[in-house]
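Participant: After the structure tokens below, expect a handful of questions from me.
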Amino acid sequence: MAEYIIETAKGKWEVVVGLEIHCQIISKSKIFSGASTEFGDEPNTNVSFVDAGMPGMLPTLNKECVHQAVKTGLGLNAKINKYSEFSRKNYFYADMPTDYQITQFRYPIVGEGSISVDLSDGSVKTIGIERMHIEQDAGKSIHDLSPTKSFIDLNRAGVGLMEIVTKPDFRSPEEAGAFLRKLRSILRYLGTCDGNMDEGSMRCDVNVSVRPYGSSEFRTRCEMKNVNSVKFVMQAIENEAKRHIEVYENGGQVEQETRQFDPNTGLTKVMRKKEFAHDYRYFPEPDLPPLILSDEYINSVKAEMIELPDAKKQRFVETMGLTAYDASVLCENKENADFFEKAAAGHDAKKVANWMMSDFFAMLNKKHLDISQSPVSPENLGALVELITKEVISGKIAKDVFEIMSETGENPEKIVEEKGLKQVTDTSAIEAIINQVIADNPDNVAAYKAGKTNLAGWFVGQTLKLSQGKANPQIVNKLVKEKLDN
Amino acid sequence: MSDITKLTVHETLKALKNKEFSAVELTEAYIKNMENGRHYNAYITECADKAREQAKVADKNYQSGNIRLLEGIPLGIKDLFCTKDIRTTAASHILDNFVPPYESTVTQNLLNDGAVFLGKLNLDEFAMGGSNETSYFGPVINPWSKDKDLVPGGSSGGSATAVAANMCAASTGTDTGGSIREPAAFCGCTGIKPTYGRCSRYGIVAFASSLDQAGPIAKDVEDCALLLKSMAGFDEKDSTSCEIAVPDYVSSLTGDIKGLVVGMPKEYRPEGLNPEVASYWDKAAEYLRARGAIVKEISLPHTKYALATYYVLAPAEASSNLARYDGIRYGFRAQGNGNLDELYINTRTLGFGKEVKRRIMIGTYVLSAGYYDAYYLKAQKMRRLIHDDFMKAFKQCDIILTPTSPITAFPIGDESMLNNPINMYLNDVFTVSVNLAGLPALSLPIGLSSDGLPLGMQLIGKPFDEETIFKVAAKLEIDAKFERK
């Protein structure tokens, strides 16, 4: 595996990173109230008395959120804890109506697990999951609408979150980036979180420390809160590591602190020093009994589990003959993988994969379409590949047919039929064209015979051109050689 | 009928059914008492007009024969229960302008059963206190006061006073460490704190969530049984409420107690126990023995740790429960704040009283990093041991008999208690264990002290066995022949 080593004039350093990812649970209602989780509604319209922290209001656990968390835990190959409990994390903030957050502390719903990630050098690395717990989100404070006032929107207050905590297993920005993409892919497969970092439905806290290369110590780490894209996470790790190294190499000590990542500069700045760290005074939430999950329940969720990217990828490689790279690209997104499977059914899967990853994705990109909006149906893409396989049309003609398909959504057989694009495989018809070309170009024939044998390609090209691309290139190739060599 | 407000609820219901008087007449009589009794300071908010409307509906129902369990019964509601469109203050400055847009489950149950609400009753601020002296709206005066104004006990001091002074037929209370039983004892009323989980806590301003329970304060045992039947029941809006059917408590009042084993914990008779309290305790045991019950000494070995345990756990939960009163969304907000922190500090400094602030600080301290294990965690372990004490004891007996309080009502402004809150907390010594163990317990008047002040006896039952409590209490009530005001 390619190592990420930061070399300075004074030495070699290694970065040690752990991530904490907050993922908004996809559920109709909030985790402890019946209010809607709808995103983008008018401020303070999806707020129940519980969410607003009114006197005497009590949380009740939304079973749908538990179900989503167990599903996610299974997707992280993690232990599902049959006993978990809720705790209160106490801190004052204007968008946290009860001034405590209901979360899980000592006993999270999900224990240790792991995710494997593919790296660019072809290696695979397993990243350990420390735990995952469920909790409620805070509301939003809006400070930029008035010079003297702050506004609070509680629509988000009480939306369910899953907080996934990794082990400090990352040794490079790339690993962290690959992990986040993989995690997002798994969550989307499961339908438990939409994974949109730019909308804040997935938010990442990054813990970074450095150590001399080869050492196994853990040095003081700094936490960067709410870094909101994969690119920024990678950038934050790179720049924060550099900052630590500079501190150490100048004889200083890194202080444990919370820092803020600035997407404009890519740099981090101090948000909260250790001595100002909150004392959250966690204690068990007395309004909610412990959450007890039975084996039957966990097994029933297991039974609902769908094939996840890793298993799908393996199947695509093993039973459909795809390369590991192609399979992992196609499996990153479930919609793509599903499209591919439909398209490949009964056809040459490798060819279908190639078509998807080149012309098909290029077409979607160009048209700014989601795969669900594709004008080319998976069945039609499969049929197009089948036409190539059966040599009904050449690869070149196929590109023209695809062009038409992506405009009209028409099926390729019909297009080929109507436009008369069928490949000519009739040797006598092709021979006639070759004879024509030979007759029209005596000089080139002479040159060929005199030893310029690479002129064969020119004759093939002329023949194909005259056939309007419909002549089967292999047959043309063969016949041209025969004719010229005779 | 000389004074219809002296009747118990069950007597009143009978009279209403017999058309001896109307619900409107009854409510008017109570409103008159409520207005004439303002010097007791039992009510924070009076809702006479609303009550009159509710009474009119009750009269219609009596005419049509569509009579509900508590049709037309005028109640006082502790001002800790949120009542829709009626100001709910928790006796705190910080909520003194708060009008809830929702109804607590317990008060909704009472309304559904036809009850009439006269108003909201005074209490210790956020139910924190044992004398009703911490209320932002001032102390409540015990109707048994003679030369000096005495406290009614707390925190449900207004609830007990209003019942004792016939300013409502019965009232609701809440009990976190004795807040129903102690004022009931001080004011010569009967009150029951049911098993934790019996009544929904939804809509009750929280003090200590794992200890808080609602219950009635009434003129006699049967009234408590009637009211609890209405108040109790599973509520999906409170995850700690239990899905256990509520029995018909009134029917448990009959039947003998022959062979029933009554435990008297030896730890509740410390050296120096007030001799009058001790002798009434023995007298109560004698009454039960005379009816065929077997009375035996039992042991609750961790009793001596109960107060300390309680005064760690209750403030810990309170410190978190009261965080929401921050001046941001509702309630009192201090003016002239430069930033968010100042808004919090100024609002809470001015909005909370001294005792509430003391408990928030104790609670914050015991949950703090570095102290959590020594205080909160240790107290949780002790709570478990106290619970186990009771469970072991209940293998040897069916019910436990103790005094409710080591003292009778004391004068308002008592120096020793005001100067040293520990002296105030000591009054809870016989009641807090029950909350820690989540058990049901009732206090009923057993007699008067030599000063002419009521003394209460406490009956502690097994979890969800309020029926045995009612059965035994009904017998004790007959034998004690306590005369209400």
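Convention: chains lettered A, B, ... in structure tokens order; per-chain residue numbering from 1; ligands numbered from 1 as shown.
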Name the residues of segment 339-482 of chain B that come out as strand (DSSP E or B) in a backbone DSSP run; write them as a list in words.

Facilitator: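 The strand (DSSP E or B) residues within segment 339-482 of chain B come out as Ile399, Ile400, Leu401, Thr402, Pro403, Pro411, Ala441, Leu442, Ser443, Leu444, Pro445, Ile446, Gly447, Leu448, Pro454, Leu455, Gly456, Met457, Gln458, Leu459 and Ile460 of chain B.
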
Participant: Given the selection you just returned, output its residues as a file containing N, CA and C atoms, formatted as an mmCIF file, in the first residue's frame.

Facilitator:
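Listed below is the output, result.cif:
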```cif
data_model
loop_
_atom_site.group_PDB
_atom_site.id
_atom_site.type_symbol
_atom_site.label_atom_id
_atom_site.label_comp_id
_atom_site.auth_asym_id
_atom_site.auth_seq_id
_atom_site.Cartn_x
_atom_site.Cartn_y
_atom_site.Cartn_z
ATOM 1 N N ILE B 399 -47.620 -5.269 53.700
ATOM 2 C CA ILE B 399 -47.700 -3.819 53.686
ATOM 3 C C ILE B 399 -46.819 -3.300 54.819
ATOM 4 N N ILE B 400 -46.356 -2.060 54.674
ATOM 5 C CA ILE B 400 -45.469 -1.494 55.696
ATOM 6 C C ILE B 400 -46.149 -0.267 56.303
ATOM 7 N N LEU B 401 -46.072 -0.185 57.628
ATOM 8 C CA LEU B 401 -46.680 0.932 58.365
ATOM 9 C C LEU B 401 -45.576 1.767 59.007
ATOM 10 N N THR B 402 -45.591 3.071 58.728
ATOM 11 C CA THR B 402 -44.621 3.986 59.367
ATOM 12 C C THR B 402 -45.315 5.320 59.618
ATOM 13 N N PRO B 403 -44.733 6.154 60.462
ATOM 14 C CA PRO B 403 -45.234 7.526 60.517
ATOM 15 C C PRO B 403 -44.923 8.217 59.186
ATOM 16 N N PRO B 411 -43.953 26.486 62.533
ATOM 17 C CA PRO B 411 -44.275 27.865 62.170
ATOM 18 C C PRO B 411 -43.598 28.304 60.867
ATOM 19 N N ALA B 441 -47.499 4.733 48.312
ATOM 20 C CA ALA B 441 -47.621 4.988 49.753
ATOM 21 C C ALA B 441 -48.691 6.037 49.994
ATOM 22 N N LEU B 442 -49.424 5.819 51.057
ATOM 23 C CA LEU B 442 -50.533 6.714 51.405
ATOM 24 C C LEU B 442 -50.298 7.268 52.801
ATOM 25 N N SER B 443 -50.708 8.516 52.986
ATOM 26 C CA SER B 443 -50.690 9.079 54.332
ATOM 27 C C SER B 443 -52.120 9.411 54.725
ATOM 28 N N LEU B 444 -52.475 9.017 55.947
ATOM 29 C CA LEU B 444 -53.797 9.408 56.436
ATOM 30 C C LEU B 444 -53.653 9.918 57.873
ATOM 31 N N PRO B 445 -54.570 10.792 58.281
ATOM 32 C CA PRO B 445 -54.457 11.351 59.630
ATOM 33 C C PRO B 445 -54.781 10.286 60.668
ATOM 34 N N ILE B 446 -53.964 10.236 61.730
ATOM 35 C CA ILE B 446 -54.165 9.214 62.747
ATOM 36 C C ILE B 446 -54.667 9.851 64.050
ATOM 37 N N GLY B 447 -54.428 11.157 64.190
ATOM 38 C CA GLY B 447 -54.860 11.823 65.414
ATOM 39 C C GLY B 447 -54.190 13.171 65.539
ATOM 40 N N LEU B 448 -54.440 13.817 66.677
ATOM 41 C CA LEU B 448 -53.857 15.140 66.895
ATOM 42 C C LEU B 448 -52.752 15.058 67.953
ATOM 43 N N PRO B 454 -52.498 17.827 63.418
ATOM 44 C CA PRO B 454 -52.657 16.481 62.867
ATOM 45 C C PRO B 454 -51.317 15.745 62.716
ATOM 46 N N LEU B 455 -51.389 14.426 62.895
ATOM 47 C CA LEU B 455 -50.252 13.537 62.656
ATOM 48 C C LEU B 455 -50.681 12.506 61.618
ATOM 49 N N GLY B 456 -49.762 12.155 60.759
ATOM 50 C CA GLY B 456 -50.111 11.215 59.698
ATOM 51 C C GLY B 456 -49.410 9.880 59.842
ATOM 52 N N MET B 457 -50.100 8.841 59.370
ATOM 53 C CA MET B 457 -49.487 7.522 59.272
ATOM 54 C C MET B 457 -49.306 7.189 57.803
ATOM 55 N N GLN B 458 -48.221 6.471 57.518
ATOM 56 C CA GLN B 458 -47.931 6.120 56.139
ATOM 57 C C GLN B 458 -48.061 4.614 55.940
ATOM 58 N N LEU B 459 -48.739 4.233 54.875
ATOM 59 C CA LEU B 459 -48.833 2.821 54.488
ATOM 60 C C LEU B 459 -48.123 2.649 53.159
ATOM 61 N N ILE B 460 -47.133 1.772 53.143
ATOM 62 C CA ILE B 460 -46.334 1.560 51.935
ATOM 63 C C ILE B 460 -46.677 0.187 51.373
#
```

Participant: Just the residues within 7 Å of Thr98 of chain A, please, counting only C-alpha atoms, with nothing from its chain fewer than 6 positions along; format it as a list of chain:residue names.

Facilitator: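 That gives A:Gly53, B:Ala323, B:Arg324.
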
Participant: If you count only C-alpha atoms, which residues fall within 10 Å of Arg171 of chain A, apart from same-chain ones fewer than 5 positions away, as a list in words?

Facilitator: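 Here the qualifying residues turn out to be Glu3, Tyr4, Ile5, Glu14, Val15, Val16, Val17, Gly18, Ala176, Val208, Val210 and Ile237 of chain A.
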
Participant: Near Asp235 of chain B, within 8 Å and counting only C-alpha atoms, which residues show up once chain neighbours fewer than 5 positions away are dropped, as a list in words?

Facilitator: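 Final neighbour list, sorted by chain and number: Thr105, Ser200, Ser241, Cys242 and Glu243 of chain B.
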
Participant: Restricting it to C-alpha atoms, dump the selection as a PDB file, in the first residue's frame.

Facilitator:
```pdb
ATOM      1  CA  THR B 105     -52.703  13.741  30.908  1.00  0.00           C
ATOM      2  CA  SER B 200     -48.635   9.722  33.436  1.00  0.00           C
ATOM      3  CA  SER B 241     -45.893   4.969  32.510  1.00  0.00           C
ATOM      4  CA  CYS B 242     -46.827   1.321  32.855  1.00  0.00           C
ATOM      5  CA  GLU B 243     -49.214  -0.672  30.742  1.00  0.00           C
TER       6      GLU B 243
END
```

Participant: Kindly determine which residues of chain B lie within 6 Å of chain A, considering only C-alpha atoms, and give the answer as a CSV table (one decimal) with C-alpha atoms, in the first residue's frame.

Facilitator:
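Final file, result34.csv:
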```csv
chain,number,residue,atom,x,y,z
B,202,TYR,CA,-47.0,14.1,30.6
B,203,GLY,CA,-47.7,17.7,31.1
B,204,ILE,CA,-46.5,17.9,34.7
B,205,VAL,CA,-43.6,20.3,35.1
B,206,ALA,CA,-40.7,18.0,35.9
B,209,SER,CA,-38.2,12.6,36.5
B,210,SER,CA,-37.4,9.3,38.0
B,239,SER,CA,-42.5,6.1,28.2
B,323,ALA,CA,-32.2,24.0,32.2
B,324,ARG,CA,-35.0,24.7,29.7
B,367,LEU,CA,-22.9,15.4,37.8
B,368,SER,CA,-19.7,17.2,37.1
```

Participant: Do you know which residues are at most 8 Å from Ala164 of chain B counting only C-alpha atoms, after dropping those on the same chain fewer than 2 positions away, and could you put them as JSON, numbers by chain?

Facilitator: {"B": [143, 160, 161, 162, 166, 167, 187, 188, 189, 219, 484, 485]}

Participant: Name the residues in contact with segment 119-134 of chain B at a cut-off of 8 Å, using only C-alpha atoms, excluding same-chain residues fewer than 5 positions from it; report them as a compact mmCIF listing (two decimals) with C-alpha atoms, in the first residue's frame.

Facilitator:
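Produced file result-v6.txt, reproduced below:
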```
# COMPACT_ATOMS: atom_id res chain seq x y z
CA ASN B 41 -52.82 31.85 49.98
CA ALA B 42 -53.67 28.35 48.74
CA TYR B 43 -54.56 29.37 45.19
CA ILE B 44 -52.15 31.01 42.80
CA THR B 45 -54.77 31.31 40.07
CA GLU B 46 -58.53 31.16 40.55
CA CYS B 47 -60.74 30.11 37.65
CA ALA B 48 -64.20 30.74 39.05
CA LEU B 75 -61.15 20.21 42.35
CA GLY B 76 -58.06 22.28 42.96
CA ILE B 77 -55.09 21.54 40.74
CA LYS B 78 -51.51 21.84 41.93
CA ASP B 79 -49.92 24.53 39.79
CA LEU B 80 -47.36 22.04 38.51
CA THR B 88 -49.29 27.35 34.99
CA ALA B 90 -44.83 25.98 39.10
CA ALA B 91 -44.87 28.76 41.76
CA SER B 92 -41.87 30.30 40.02
CA PRO B 139 -46.18 30.85 51.80
CA VAL B 140 -49.43 29.00 52.35
CA VAL B 151 -46.67 25.78 57.26
CA PRO B 152 -48.96 23.30 55.47
CA GLY B 153 -45.98 21.13 54.53
CA GLY B 154 -44.78 20.85 51.01
CA SER B 155 -44.44 20.84 48.29
CA SER B 156 -48.19 20.32 47.68
CA GLY B 157 -49.00 22.79 50.48
CA GLY B 158 -51.77 24.57 48.59
CA SER B 159 -53.35 21.23 47.67
CA ALA B 162 -57.40 23.83 50.08
CA THR B 174 -47.28 15.51 43.02
CA SER B 179 -44.71 16.18 48.54
CA GLU B 182 -46.17 15.32 54.17
CA PRO B 183 -48.64 18.17 53.49
CA VAL B 205 -43.63 20.35 35.11
CA ALA B 206 -40.74 17.99 35.87
CA PHE B 207 -38.72 18.20 39.06
CA GLY B 353 -35.69 31.45 43.93
CA LYS B 354 -33.01 30.56 46.41
CA GLU B 355 -33.92 26.92 47.06
CA VAL B 356 -34.26 26.13 43.37
CA ILE B 412 -43.71 29.74 58.93
CA GLY B 413 -40.24 31.27 58.90
CA MET B 424 -35.72 21.06 56.47
CA TYR B 425 -34.55 18.07 54.44
CA ASN B 427 -38.40 16.14 57.64
CA ASP B 428 -38.42 13.93 54.53
```

Participant: Just give me the gap between atom CA of Asn239 of chain A and atom CA of Gly266 of chain A in Å, one decimal is fine.

Facilitator: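 So the two atoms, atom CA of Asn239 of chain A and atom CA of Gly266 of chain A, lie 7.2 Å apart.
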
Participant: Looking only at the backbone, which of the residues in segment 103-352 of chain A does DSSP tag as helix (DSSP H, G or I), as a PyMOL selection string?

Facilitator: chain A and resi 173-190+230-249+274-276+295-304+309-320+324-331+334-344+349-352

Participant: With distances taken over only C-alpha atoms, which of A:Glu418, A:Asp326, A:Glu240, A:Asp485 is nearest to Tyr448 of chain A?

Facilitator: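 With only C-alpha atoms as the atom set, the closest residue is A:Asp485.
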
Participant: Near segment 356-373 of chain A, within 8 Å and counting only C-alpha atoms, which residues show up once chain neighbours fewer than 6 positions away are dropped, as a list in words?

Facilitator: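 Once the nearby chain positions are removed, what remains is Asp326, Leu330, Glu335, Asn336, Phe340 and Ser406 of chain A.
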
Participant: For the residues in the current selection, export C-alpha atoms as a PDB file, in the first residue's frame.

Facilitator:
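Listing of selection32.pdb after writing:
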```pdb
ATOM      1  CA  ASP A 326     -15.365  -1.614 -12.909  1.00  0.00           C
ATOM      2  CA  LEU A 330     -20.728   0.473 -10.678  1.00  0.00           C
ATOM      3  CA  GLU A 335     -29.146   2.875  -8.655  1.00  0.00           C
ATOM      4  CA  ASN A 336     -26.182   2.457 -11.000  1.00  0.00           C
ATOM      5  CA  PHE A 340     -26.288  -2.264 -14.741  1.00  0.00           C
ATOM      6  CA  SER A 406     -30.410   9.144 -25.880  1.00  0.00           C
TER       7      SER A 406
END
```

Participant: How many Å separate atom CA of Ser319 of chain B from atom CA of Lys357 of chain B?

Facilitator: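 Rounded to one decimal, the two atoms are 8.8 Å apart.
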
Participant: Restricting the calculation to only C-alpha atoms: of A:Lys79, A:His22, A:Asp348, A:Pro375, which residue gets closest to Val227 of chain A?

Facilitator: A:His22
